[in-house]
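Novice: So here's model32.cif (mmCIF, C-alpha atoms and all ligand atoms).
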data_protein
#
loop_
_atom_site.label_atom_id
_atom_site.label_comp_id
_atom_site.auth_asym_id
_atom_site.auth_seq_id
_atom_site.Cartn_x
_atom_site.Cartn_y
_atom_site.Cartn_z
CA MET A 21 160.28 19.27 109.84
CA ASP A 22 157.09 18.03 108.19
CA ASN A 23 154.18 20.36 107.43
CA LYS A 24 152.38 19.67 110.71
CA GLN A 25 155.52 20.47 112.70
CA ILE A 26 156.10 23.66 110.69
CA PHE A 27 152.47 24.73 111.22
CA ILE A 28 152.40 24.03 114.97
CA SER A 29 155.86 25.44 115.62
CA ALA A 30 155.12 28.68 113.72
CA LEU A 31 151.85 29.14 115.61
CA ARG A 32 153.41 28.45 119.02
CA THR A 33 156.28 30.81 118.26
CA THR A 34 153.77 33.68 118.22
CA GLU A 35 153.08 32.92 121.94
CA ARG A 36 149.57 34.18 121.25
CA PRO A 37 147.03 33.28 123.96
CA GLY A 38 144.72 30.63 122.54
CA VAL A 39 146.99 28.92 120.01
CA ASP A 40 147.13 25.62 121.90
CA ARG A 41 143.33 25.39 121.97
CA VAL A 42 143.22 26.25 118.25
CA ILE A 43 145.68 23.42 117.48
CA ALA A 44 143.61 20.97 119.57
CA GLU A 45 140.35 22.00 117.86
CA LEU A 46 141.93 21.68 114.42
CA GLU A 47 143.26 18.23 115.30
CA GLN A 48 139.79 17.11 116.35
CA LEU A 49 138.13 18.50 113.19
CA GLY A 50 140.60 16.71 110.91
CA PHE A 51 142.31 19.87 109.64
CA PHE A 52 145.71 18.16 109.39
CA THR A 53 144.47 15.41 107.06
CA ALA A 54 141.82 17.35 105.09
CA PRO A 55 142.27 18.17 101.39
CA ALA A 56 142.40 21.80 100.22
CA SER A 57 139.62 21.32 97.64
CA THR A 58 137.47 18.64 96.00
CA ALA A 59 138.94 18.83 92.51
CA PHE A 60 141.25 21.83 92.23
CA HIS A 61 144.43 22.50 94.14
CA LEU A 62 145.79 19.92 96.60
CA ASN A 63 142.71 17.68 96.62
CA THR A 64 144.57 14.99 98.59
CA PRO A 65 144.89 14.14 102.31
CA GLY A 66 147.02 16.82 103.98
CA GLY A 67 146.30 19.25 101.15
CA LEU A 68 144.75 21.89 103.39
CA LEU A 69 147.76 21.77 105.71
CA GLN A 70 150.13 21.99 102.72
CA HIS A 71 148.19 25.00 101.38
CA SER A 72 148.26 26.73 104.77
CA VAL A 73 152.03 26.24 105.05
CA ASN A 74 152.47 27.44 101.44
CA VAL A 75 150.50 30.61 102.17
CA TYR A 76 152.55 31.16 105.34
CA LYS A 77 155.83 30.87 103.42
CA GLU A 78 154.59 33.13 100.62
CA ALA A 79 153.31 35.69 103.15
CA MET A 80 156.64 35.76 105.01
CA ALA A 81 158.52 36.26 101.74
CA ILE A 82 156.15 39.05 100.65
CA ARG A 83 156.44 40.70 104.07
CA GLU A 84 160.23 40.75 103.83
CA LYS A 85 160.21 42.23 100.32
CA GLN A 86 157.64 44.90 101.20
CA ILE A 87 159.68 45.98 104.23
CA GLU A 88 162.82 46.10 102.09
CA MET A 89 161.06 48.45 99.65
CA LYS A 90 159.12 50.42 102.29
CA PRO A 91 160.76 50.07 105.73
CA GLU A 92 158.07 52.03 107.59
CA ILE A 93 155.51 49.31 106.73
CA ALA A 94 157.26 46.94 109.19
CA GLU A 95 155.17 48.11 112.14
CA LYS A 96 152.00 47.18 110.23
CA LEU A 97 153.32 43.71 109.41
CA PRO A 98 154.50 42.11 112.66
CA VAL A 99 155.76 38.55 112.15
CA ASP A 100 153.23 37.08 114.58
CA SER A 101 150.31 38.69 112.74
CA VAL A 102 151.53 37.43 109.37
CA ALA A 103 151.88 33.92 110.86
CA ILE A 104 148.44 33.92 112.54
CA ALA A 105 146.58 35.32 109.51
CA SER A 106 148.29 33.16 106.87
CA LEU A 107 148.35 29.84 108.74
CA LEU A 108 144.76 30.16 109.94
CA HIS A 109 142.99 31.90 107.02
CA ASP A 110 141.32 28.68 105.82
CA VAL A 111 140.44 26.95 109.11
CA CYS A 112 136.82 27.21 107.91
CA LYS A 113 137.62 24.27 105.60
CA ALA A 114 138.69 21.92 108.40
CA GLU A 115 135.51 19.81 108.44
CA ILE A 116 133.74 20.51 105.14
CA TYR A 117 135.23 17.73 102.99
CA LYS A 118 133.84 14.18 103.11
CA GLU A 119 135.45 11.20 101.38
CA ALA A 120 133.31 9.82 98.54
CA GLN A 121 133.60 7.10 95.90
CA LYS A 122 133.02 8.52 92.43
CA TRP A 123 132.94 7.00 88.94
CA ARG A 124 134.84 7.92 85.78
CA LYS A 125 135.77 6.31 82.47
CA ASP A 126 139.32 4.99 82.14
CA ALA A 127 141.54 5.20 79.03
CA ASN A 128 139.65 2.27 77.49
CA GLY A 129 136.24 3.80 78.07
CA GLN A 130 135.47 1.44 80.97
CA TRP A 131 133.86 2.78 84.12
CA GLU A 132 136.11 2.74 87.18
CA SER A 133 135.52 3.95 90.73
CA TYR A 134 137.97 6.28 92.44
CA SER A 135 138.28 7.97 95.82
CA SER A 136 137.46 11.66 95.91
CA TYR A 137 135.80 14.28 98.10
CA GLU A 138 132.47 16.03 98.35
CA VAL A 139 131.99 19.35 100.04
CA ASP A 140 129.39 20.07 102.70
CA TYR A 141 129.14 23.56 104.19
CA SER A 142 126.02 22.81 106.22
CA SER A 143 127.67 22.45 109.65
CA PHE A 144 128.01 26.26 109.99
CA PRO A 145 126.86 28.09 106.84
CA VAL A 146 128.08 31.57 107.70
CA GLY A 147 130.58 32.33 104.92
CA HIS A 148 134.20 31.50 104.21
CA GLY A 149 136.49 34.10 105.76
CA GLU A 150 133.75 34.91 108.25
CA LYS A 151 133.65 31.31 109.47
CA SER A 152 137.43 31.17 109.98
CA VAL A 153 137.32 34.35 112.09
CA ILE A 154 134.29 33.28 114.11
CA ARG A 155 135.67 29.81 114.86
CA LEU A 156 139.03 31.23 115.95
CA LEU A 157 137.34 33.70 118.29
CA GLN A 158 135.06 30.95 119.65
CA TRP A 159 138.18 28.90 120.38
CA GLY A 160 139.57 31.77 122.42
CA LEU A 161 142.33 33.00 120.12
CA GLU A 162 143.33 36.60 120.79
CA MET A 163 143.37 38.42 117.44
CA THR A 164 144.09 41.97 116.36
CA ASP A 165 141.69 43.93 114.16
CA ASP A 166 144.14 43.61 111.25
CA GLU A 167 144.31 39.82 111.61
CA ILE A 168 140.51 39.65 111.62
CA LEU A 169 140.29 41.84 108.51
CA ALA A 170 142.98 39.85 106.71
CA ILE A 171 141.25 36.51 107.33
CA ARG A 172 137.72 37.82 106.79
CA TRP A 173 138.52 39.38 103.40
CA HIS A 174 141.25 37.09 102.02
CA MET A 175 138.95 35.78 99.27
CA GLU A 176 138.21 39.28 97.93
CA ALA A 177 137.62 38.69 94.24
CA TRP A 178 135.89 35.35 94.75
CA ASP A 179 133.00 36.59 96.81
CA LEU A 180 133.00 40.26 95.87
CA ALA A 181 130.26 39.79 93.27
CA PHE A 182 127.87 38.59 95.95
CA GLN A 183 128.50 41.39 98.42
CA SER A 184 126.19 44.31 99.09
CA PRO A 185 127.38 47.88 98.33
CA GLU A 186 128.06 48.30 102.05
CA GLN A 187 130.28 45.23 102.13
CA LYS A 188 132.14 46.30 98.99
CA SER A 189 132.79 49.61 100.70
CA ASN A 190 133.99 47.79 103.84
CA LEU A 191 136.40 45.76 101.74
CA GLY A 192 137.74 48.92 100.07
CA VAL A 193 138.39 50.57 103.43
CA ALA A 194 139.97 47.41 104.82
CA LYS A 195 142.33 47.08 101.85
CA GLY A 196 143.35 50.71 102.17
CA ARG A 197 144.33 50.57 105.79
CA CYS A 198 145.38 46.96 106.36
CA PRO A 199 148.65 45.93 104.66
CA LEU A 200 148.30 42.53 106.35
CA LEU A 201 145.12 41.85 104.35
CA ASN A 202 146.94 42.59 101.09
CA VAL A 203 149.86 40.34 102.06
CA VAL A 204 147.63 37.38 102.96
CA LYS A 205 145.46 37.84 99.85
CA ALA A 206 148.52 37.94 97.59
CA ALA A 207 150.11 34.96 99.37
CA ASP A 208 146.90 32.92 99.01
CA GLY A 209 146.79 33.68 95.28
CA LEU A 210 150.48 32.91 94.68
CA ALA A 211 150.25 29.64 96.62
CA SER A 212 147.06 28.53 94.84
CA PHE A 213 147.93 29.60 91.31
CA ILE A 214 151.71 29.16 91.18
CA LEU A 215 152.97 26.77 93.87
CA GLU A 216 150.03 24.40 93.78
CA VAL A 217 149.34 24.18 90.07
CA ARG A 218 149.99 20.67 88.76
FE FE B 1 140.20 30.69 101.53
FE FE B 2 143.56 29.74 101.00
#
As structure tokens, how would this structure be written, given the file I've shared?

Specialist:
Amino acid sequence: MDNKQIFISALRTTERPGVDRVIAELEQLGFFTAPASTAFHLNTPGGLLQHSVNVYKEAMAIREKQIEMKPEIAEKLPVDSVAIASLLHDVCKAEIYKEAQKWRKDANGQWESYSSYEVDYSSFPVGHGEKSVIRLLQWGLEMTDDEILAIRWHMEAWDLAFQSPEQKSNLGVAKGRCPLLNVVKAADGLASFILEVR
């Protein structure tokens, strides 16, 4: 199976009301061909899909290991929740990358043009995890509170500095009571900084 088949099959397996609309919306926005970044990890067509599948696989592996070490955590980490939260955590990035020609110097010091991406958040400037959650709810996906918390806060360290004391407190409470958030956050980090490092 290619990445798109893995992504769609894992989502449909959850049998969650709304997944077919989510898949259709993502198709229309270009999610399946978007890069995962402009210059960092997976900045190539299909990079965002590859990252999402990587996070899904990492999250499933982490889930299994956590349950092995602490069996009672299983009820807090249902397979469908891990799939929904990991596969869809970055849907906010579906339409933010635009192809752009850029210039750089080659090995001989000559200017050459190359294809790259620019990022444009202006279509819905509401935040990163927040935008993923809001879009999914707008598209009619049924989500549990834990799935919402996991997607909303998956960036933790990256936007913590810009949060108000109230939001920092919210994040602390969410981390304490939502194992799913910790699994998705860890999976996102392992995918980005181990699997996807060139
Ligand atoms: Fe993210
Ligand atoms: Fe991510």

Novice: Between A:Ile104, A:Val203, A:Cys198, A:Ala59, which one has atoms that come closest to A:Asp166, using only C-alpha atoms?

Specialist: A:Cys198

Novice: Give me the residues near A:Lys24 as a PyMOL selection string, where near means some atom within 9 Å (using all atoms listed in the file) and where sequence neighbours in that chain fewer than 3 positions away do not count.

Specialist: chain A and resi 21+27-29+52+69-70+73

Novice: Any residue with an atom at most 7 Å from ligand FE 1 (chain B) counts, using all atoms listed in the file. Which are they? Put them as a list in words.

Specialist: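 Using all atoms listed in the file, I find these residues within 7 Å of ligand FE 1 (chain B): His109, Asp110, His148, Gly149, His174 and Met175 of chain A.
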
Novice: Name the residues, by chain letter and number, that sit within 9 Å of ligand FE 2 (chain B) using only C-alpha atoms and all ligand atoms, and give them as a list in words.

Specialist: Ala56, Leu68, His71, Ser72, Val75, Ser106, His109, Asp110, His174, Met175, Val204, Lys205, Ala207, Asp208, Gly209, Ala211 and Ser212 of chain A

Novice: Within 9 Å of stretch 136-147 of chain A, counting all atoms listed in the file, which residues show up once you throw out same-chain ones fewer than 5 positions away? Write them as a list in words, please.

Specialist: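 That gives Pro55, Ser57, Thr58, Ala59, Asn63, Thr64, Cys112, Lys113, Glu115, Ile116, Tyr117, Lys118, Glu119, Ala120, Gln121, Lys122 and Ser152 of chain A.
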
Novice: For atom CA of A:Ala54 and atom CA of A:Gly66, determine how far apart the two atoms are, in Å to one decimal place.

Specialist: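 So the answer is 5.3 Å.
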
Novice: Please determine, counting all atoms listed in the file, which residue among A:Leu210, A:Ala114, A:Val42, A:Ala177 has the shortest atom-to-atom distance to A:Ala81.

Specialist: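 Using all atoms listed in the file, the shortest distance to A:Ala81 belongs to A:Leu210.
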
Novice: Out of A:Ile154, A:Leu97, A:Val111, A:Leu200, which residue has the shortest atom-to-atom distance to A:Glu47 when counting all atoms listed in the file?

Specialist: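 When distances to A:Glu47 are compared using all atoms listed in the file, the smallest one comes from A:Val111.
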
Novice: Determine the axis-aligned bounding box of all atoms of stretch 60-64 of chain A present in the file, pad each side by 8 Å, and express its centre and edge lengths in Å to one decimal place as JSON.

Specialist:
{"center_x": 143.5, "center_y": 18.7, "center_z": 95.4, "size_x": 20.5, "size_y": 23.5, "size_z": 22.4}

Novice: What separation in Å, quoted to one decimal, exists between atom CA of A:Gly196 and atom CA of A:Trp173?

Specialist: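 Taking atom CA of A:Gly196 and atom CA of A:Trp173, their separation equals 12.4 Å.
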
Novice: So how many Å separate atom CA of A:Ala30 and atom CA of A:Ala103, to one decimal?

Specialist: 6.8 Å

Novice: List the spatial neighbours of A:Arg32 as a tab-separated table (two decimals) with C-alpha atoms, keeping the file's coordinate frame - criterion: any atom at most 12 Å away, all atoms listed in the file, same-chain residues fewer than 5 positions off excluded.

Specialist:
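Done, and the output landed in around.tsv:
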chain	number	residue	atom	x	y	z
A	25	GLN	CA	155.52	20.47	112.70
A	26	ILE	CA	156.10	23.66	110.69
A	27	PHE	CA	152.47	24.73	111.22
A	37	PRO	CA	147.03	33.28	123.96
A	38	GLY	CA	144.72	30.63	122.54
A	39	VAL	CA	146.99	28.92	120.01
A	40	ASP	CA	147.13	25.62	121.90
A	41	ARG	CA	143.33	25.39	121.97
A	42	VAL	CA	143.22	26.25	118.25
A	43	ILE	CA	145.68	23.42	117.48
A	100	ASP	CA	153.23	37.08	114.58
A	103	ALA	CA	151.88	33.92	110.86
A	104	ILE	CA	148.44	33.92	112.54
A	107	LEU	CA	148.35	29.84	108.74

Novice: Pick the closest to A:Val153 from A:Glu167, A:Ile87, A:Arg218, A:Glu45: which is it, counting only C-alpha atoms?

Specialist: A:Glu167

Novice: Quick one: of A:Glu150, A:Glu216, A:Glu88, A:Asp165, who's nearest to A:Arg197, counting all atoms listed in the file?

Specialist: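 Answer, going by the shortest atom-to-atom distance: A:Asp165.
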